[in-house]
Amino acid sequence: AEGEPGGEADAWFARLGELVADTLHVIGVPYCKGGVMARNPQWRGSVETWRKRVESWVRQSRPEDLMSVDIFFDLRAVHGDVRLANDLMEDAYRLGSEATEFAKLLAAANADFTSPLGLFGRFRTEDGRVDLKMGGLFPIVSAARVLAIRHNVVRRATPDRIEGLRALGIGGDADLDRLSEAHRVIVRRILAQQVVDMEAGIPPSNKVEIRRLSRSGLIELRDTISGLSGIDDLVRSLMFRT
């Protein structure tokens, strides 16, 4: 609730953050390569510290802050007085929705989707697999997040964000249905592959083995990925629609 960076409360949470990160690492959730862990000072703080941090991100709209923004706006309270986190999140969404340049920067940063489909609709694979997170899930999640921030839809899960936009009348039903269905298809394929991999003693990942798919499954996935080709245009068209 309160406390300055480097103060007594901050030091306590630094120790807690280190304990949690170390424990997760031991049981199979590795340290974040980007350093996004509460053991690091830029990822912990009091409510007031976080308010200033978020306001700086939104007001200054610097490209180097965008990764932090993407992560922060998926915040979910899991323990303690959840009102602290929920109130902070509502303030952050309000600030984000009011800052036009910030919204434009978010949209531009997420407009670099490269389809894993190559010539004649064939999947470009590595060792027979395609990364469906970067090649499909990422642009959907990013699009839903950007539009949720822009239109002050304070929700975390991608399907919930899409439904929140629908409830506000932002976007046509057909476009939003395609996004929801694409999200469902890709997540299902990733999870199915992870089950198979874990049973085989292979660490789970977002890379799906294409040859495992049935003909109908391959067609469904190919059509789903192909349908994401216009997602950047969709985001831009919905950014300023009311």
# chains A, B, ... in the order shown; residues from 1 in each chain; ligands from 1
$ residues_around --residues "A:Gln193" --least-positions-apart "2" --cutoff "8 Å" --atoms "only C-alpha atoms" --output "MDAnalysis selection string"
chainID A and resid 189:191 195:197 204 207:209
$ write_last_selection --atoms "all heavy atoms" --output "short mmCIF file (atom, residue, chain, number, x, y, z; two decimals), in the first residue's frame"
data_model
loop_
_atom_site.label_atom_id
_atom_site.label_comp_id
_atom_site.auth_asym_id
_atom_site.auth_seq_id
_atom_site.Cartn_x
_atom_site.Cartn_y
_atom_site.Cartn_z
N ARG A 189 -4.42 -26.07 -30.39
CA ARG A 189 -3.31 -26.79 -31.04
C ARG A 189 -2.06 -26.78 -30.18
O ARG A 189 -1.34 -27.79 -30.08
CB ARG A 189 -3.01 -26.15 -32.40
CG ARG A 189 -4.10 -26.34 -33.43
CD ARG A 189 -4.33 -27.81 -33.73
NE ARG A 189 -5.46 -27.99 -34.65
CZ ARG A 189 -6.05 -29.15 -34.85
NH1 ARG A 189 -5.66 -30.23 -34.21
NH2 ARG A 189 -7.07 -29.24 -35.70
N ILE A 190 -1.77 -25.67 -29.55
CA ILE A 190 -0.59 -25.58 -28.69
C ILE A 190 -0.73 -26.52 -27.50
O ILE A 190 0.20 -27.27 -27.17
CB ILE A 190 -0.38 -24.13 -28.21
CG1 ILE A 190 0.04 -23.23 -29.38
CG2 ILE A 190 0.68 -24.07 -27.10
CD1 ILE A 190 0.14 -21.76 -29.04
N LEU A 191 -1.88 -26.50 -26.86
CA LEU A 191 -2.09 -27.35 -25.68
C LEU A 191 -2.05 -28.84 -26.04
O LEU A 191 -1.48 -29.65 -25.29
CB LEU A 191 -3.43 -27.01 -25.01
CG LEU A 191 -3.51 -25.62 -24.38
CD1 LEU A 191 -4.90 -25.38 -23.81
CD2 LEU A 191 -2.46 -25.47 -23.28
N VAL A 195 0.67 -31.61 -24.45
CA VAL A 195 0.31 -32.88 -23.80
C VAL A 195 1.13 -34.02 -24.40
O VAL A 195 1.70 -34.84 -23.67
CB VAL A 195 -1.20 -33.16 -23.95
CG1 VAL A 195 -1.52 -34.58 -23.50
CG2 VAL A 195 -2.01 -32.15 -23.15
N VAL A 196 1.19 -34.06 -25.72
CA VAL A 196 1.96 -35.11 -26.41
C VAL A 196 3.44 -35.02 -26.03
O VAL A 196 4.09 -36.03 -25.75
CB VAL A 196 1.79 -35.00 -27.93
CG1 VAL A 196 2.75 -35.94 -28.66
CG2 VAL A 196 0.35 -35.31 -28.32
N ASP A 197 3.97 -33.82 -26.01
CA ASP A 197 5.39 -33.64 -25.71
C ASP A 197 5.71 -34.05 -24.28
O ASP A 197 6.73 -34.72 -24.03
CB ASP A 197 5.78 -32.18 -25.94
CG ASP A 197 5.89 -31.83 -27.42
OD1 ASP A 197 5.91 -32.77 -28.25
OD2 ASP A 197 5.95 -30.63 -27.74
N PRO A 204 7.46 -28.79 -22.66
CA PRO A 204 6.40 -28.15 -23.43
C PRO A 204 6.83 -26.80 -23.97
O PRO A 204 7.60 -26.08 -23.33
CB PRO A 204 5.25 -28.02 -22.42
CG PRO A 204 5.93 -28.02 -21.08
CD PRO A 204 7.11 -28.93 -21.23
N LYS A 207 5.72 -24.64 -29.91
CA LYS A 207 6.03 -25.13 -31.25
C LYS A 207 5.26 -26.42 -31.53
O LYS A 207 5.39 -27.40 -30.81
CB LYS A 207 7.53 -25.34 -31.38
CG LYS A 207 8.33 -24.04 -31.22
CD LYS A 207 9.82 -24.27 -31.35
CE LYS A 207 10.58 -22.95 -31.21
NZ LYS A 207 12.04 -23.14 -31.33
N VAL A 208 4.49 -26.39 -32.60
CA VAL A 208 3.61 -27.49 -32.95
C VAL A 208 4.18 -28.28 -34.13
O VAL A 208 4.62 -27.69 -35.12
CB VAL A 208 2.20 -26.97 -33.30
CG1 VAL A 208 1.34 -28.08 -33.89
CG2 VAL A 208 1.53 -26.39 -32.05
N GLU A 209 4.16 -29.59 -34.00
CA GLU A 209 4.66 -30.48 -35.04
C GLU A 209 3.58 -30.62 -36.12
O GLU A 209 2.53 -31.21 -35.89
CB GLU A 209 5.00 -31.84 -34.45
CG GLU A 209 5.73 -32.77 -35.38
CD GLU A 209 6.12 -34.07 -34.70
OE1 GLU A 209 5.63 -34.34 -33.58
OE2 GLU A 209 6.93 -34.81 -35.29
#
$ residues_around --residues "A:Arg44" --least-positions-apart "5" --cutoff "9 Å" --atoms "only C-alpha atoms" --output "mmCIF file with N, CA and C atoms, in the first residue's frame"
data_model
loop_
_atom_site.group_PDB
_atom_site.id
_atom_site.type_symbol
_atom_site.label_atom_id
_atom_site.label_comp_id
_atom_site.auth_asym_id
_atom_site.auth_seq_id
_atom_site.Cartn_x
_atom_site.Cartn_y
_atom_site.Cartn_z
ATOM 1 N N PRO A 5 10.857 3.310 -2.895
ATOM 2 C CA PRO A 5 11.886 2.409 -3.429
ATOM 3 C C PRO A 5 13.136 2.434 -2.548
ATOM 4 N N ASP A 10 10.023 -2.051 0.706
ATOM 5 C CA ASP A 10 10.598 -2.489 -0.564
ATOM 6 C C ASP A 10 11.612 -3.608 -0.349
ATOM 7 N N PHE A 13 9.784 -6.910 0.269
ATOM 8 C CA PHE A 13 9.239 -7.500 -0.955
ATOM 9 C C PHE A 13 10.340 -7.944 -1.911
ATOM 10 N N ALA A 14 11.498 -7.336 -1.803
ATOM 11 C CA ALA A 14 12.638 -7.803 -2.606
ATOM 12 C C ALA A 14 13.016 -9.218 -2.197
ATOM 13 N N GLY A 17 10.249 -11.522 -3.375
ATOM 14 C CA GLY A 17 10.352 -11.708 -4.816
ATOM 15 C C GLY A 17 11.459 -12.676 -5.187
ATOM 16 N N MET A 37 10.669 -9.901 -12.945
ATOM 17 C CA MET A 37 10.461 -10.621 -11.680
ATOM 18 C C MET A 37 10.514 -9.605 -10.556
ATOM 19 N N ALA A 38 9.734 -9.843 -9.512
ATOM 20 C CA ALA A 38 9.670 -8.886 -8.407
ATOM 21 C C ALA A 38 10.978 -8.794 -7.621
ATOM 22 N N ARG A 39 11.909 -9.702 -7.893
ATOM 23 C CA ARG A 39 13.225 -9.591 -7.268
ATOM 24 C C ARG A 39 13.969 -8.365 -7.793
ATOM 25 N N THR A 49 4.202 4.224 -6.244
ATOM 26 C CA THR A 49 5.346 3.998 -7.141
ATOM 27 C C THR A 49 4.866 3.500 -8.499
ATOM 28 N N TRP A 50 3.906 2.585 -8.459
ATOM 29 C CA TRP A 50 3.380 2.046 -9.713
ATOM 30 C C TRP A 50 2.591 3.094 -10.485
#
$ closest_residue --among "A:Glu181, A:Arg211, A:Pro116, A:Val153" --to "A:Ser229" --atoms "only C-alpha atoms"
A:Pro116
$ closest_residue --among "A:Leu117, A:Leu147, A:Ala85, A:Met198" --to "A:Thr224" --atoms "only C-alpha atoms"
A:Leu117
$ closest_residue --among "A:Gly96, A:Ala1, A:Phe102, A:Leu238" --to "A:Arg83" --atoms "only C-alpha atoms"
A:Ala1
$ atom_distance --atom1 "atom CA of A:Glu64" --atom2 "atom CA of A:Leu19"
28.3 Å
$ closest_residue --among "A:Val58, A:Ile202, A:Ala11, A:Leu179" --to "A:Glu101" --atoms "only C-alpha atoms"
A:Val58
$ closest_residue --among "A:Leu106, A:Val146, A:Met67, A:Leu234" --to "A:Gly35" --atoms "only C-alpha atoms"
A:Met67
$ residues_around --residues "A:Ala108" --least-positions-apart "4" --cutoff "9 Å" --atoms "only C-alpha atoms" --output "short mmCIF file (atom, residue, chain, number, x, y, z; two decimals) with N, CA and C atoms, in the first residue's frame"
data_model
loop_
_atom_site.label_atom_id
_atom_site.label_comp_id
_atom_site.auth_asym_id
_atom_site.auth_seq_id
_atom_site.Cartn_x
_atom_site.Cartn_y
_atom_site.Cartn_z
N ALA A 103 -1.64 5.34 -27.63
CA ALA A 103 -2.41 4.32 -28.36
C ALA A 103 -1.80 4.07 -29.73
N LYS A 104 -1.42 5.13 -30.42
CA LYS A 104 -0.82 4.98 -31.74
C LYS A 104 0.50 4.22 -31.66
N ASP A 112 3.85 -5.79 -36.66
CA ASP A 112 4.96 -6.43 -37.37
C ASP A 112 4.77 -7.95 -37.44
N ASP A 232 -3.49 -6.19 -38.59
CA ASP A 232 -2.96 -4.85 -38.35
C ASP A 232 -3.94 -3.78 -38.83
N ARG A 236 -5.95 -0.85 -36.53
CA ARG A 236 -5.94 0.58 -36.85
C ARG A 236 -7.34 1.12 -37.09
#
$ closest_residue --among "A:His183, A:Arg15, A:Arg150, A:Arg145" --to "A:Leu132" --atoms "only C-alpha atoms"
A:His183
$ select_by_dssp --residues "stretch 131-170 of chain A" --states "helix (DSSP H, G or I)" --output "list in words"
Lys133, Met134, Gly135, Gly136, Leu137, Phe138, Pro139, Ile140, Val141, Ser142, Ala143, Ala144, Arg145, Val146, Leu147, Ala148, Ile149, Arg150, Thr158, Pro159, Asp160, Arg161, Ile162, Glu163, Gly164, Leu165, Arg166 and Ala167 of chain A
$ residues_around --residues "A:Gly172" --least-positions-apart "5" --cutoff "12 Å" --atoms "only C-alpha atoms" --output "list in words"
Ile162, Glu163, Leu165, Arg166, Ala167, Asp177, Arg178, Leu179, Leu234, Ser237, Leu238 and Arg241 of chain A
$ atom_distance --atom1 "atom CA of A:Asp91" --atom2 "atom CA of A:Val141"
21.4 Å
$ residues_around --residues "A:Val36" --least-positions-apart "2" --cutoff "12 Å" --atoms "only C-alpha atoms" --output "number ranges by chain"
A: 17-18, 21, 30-34, 38-44, 67-72
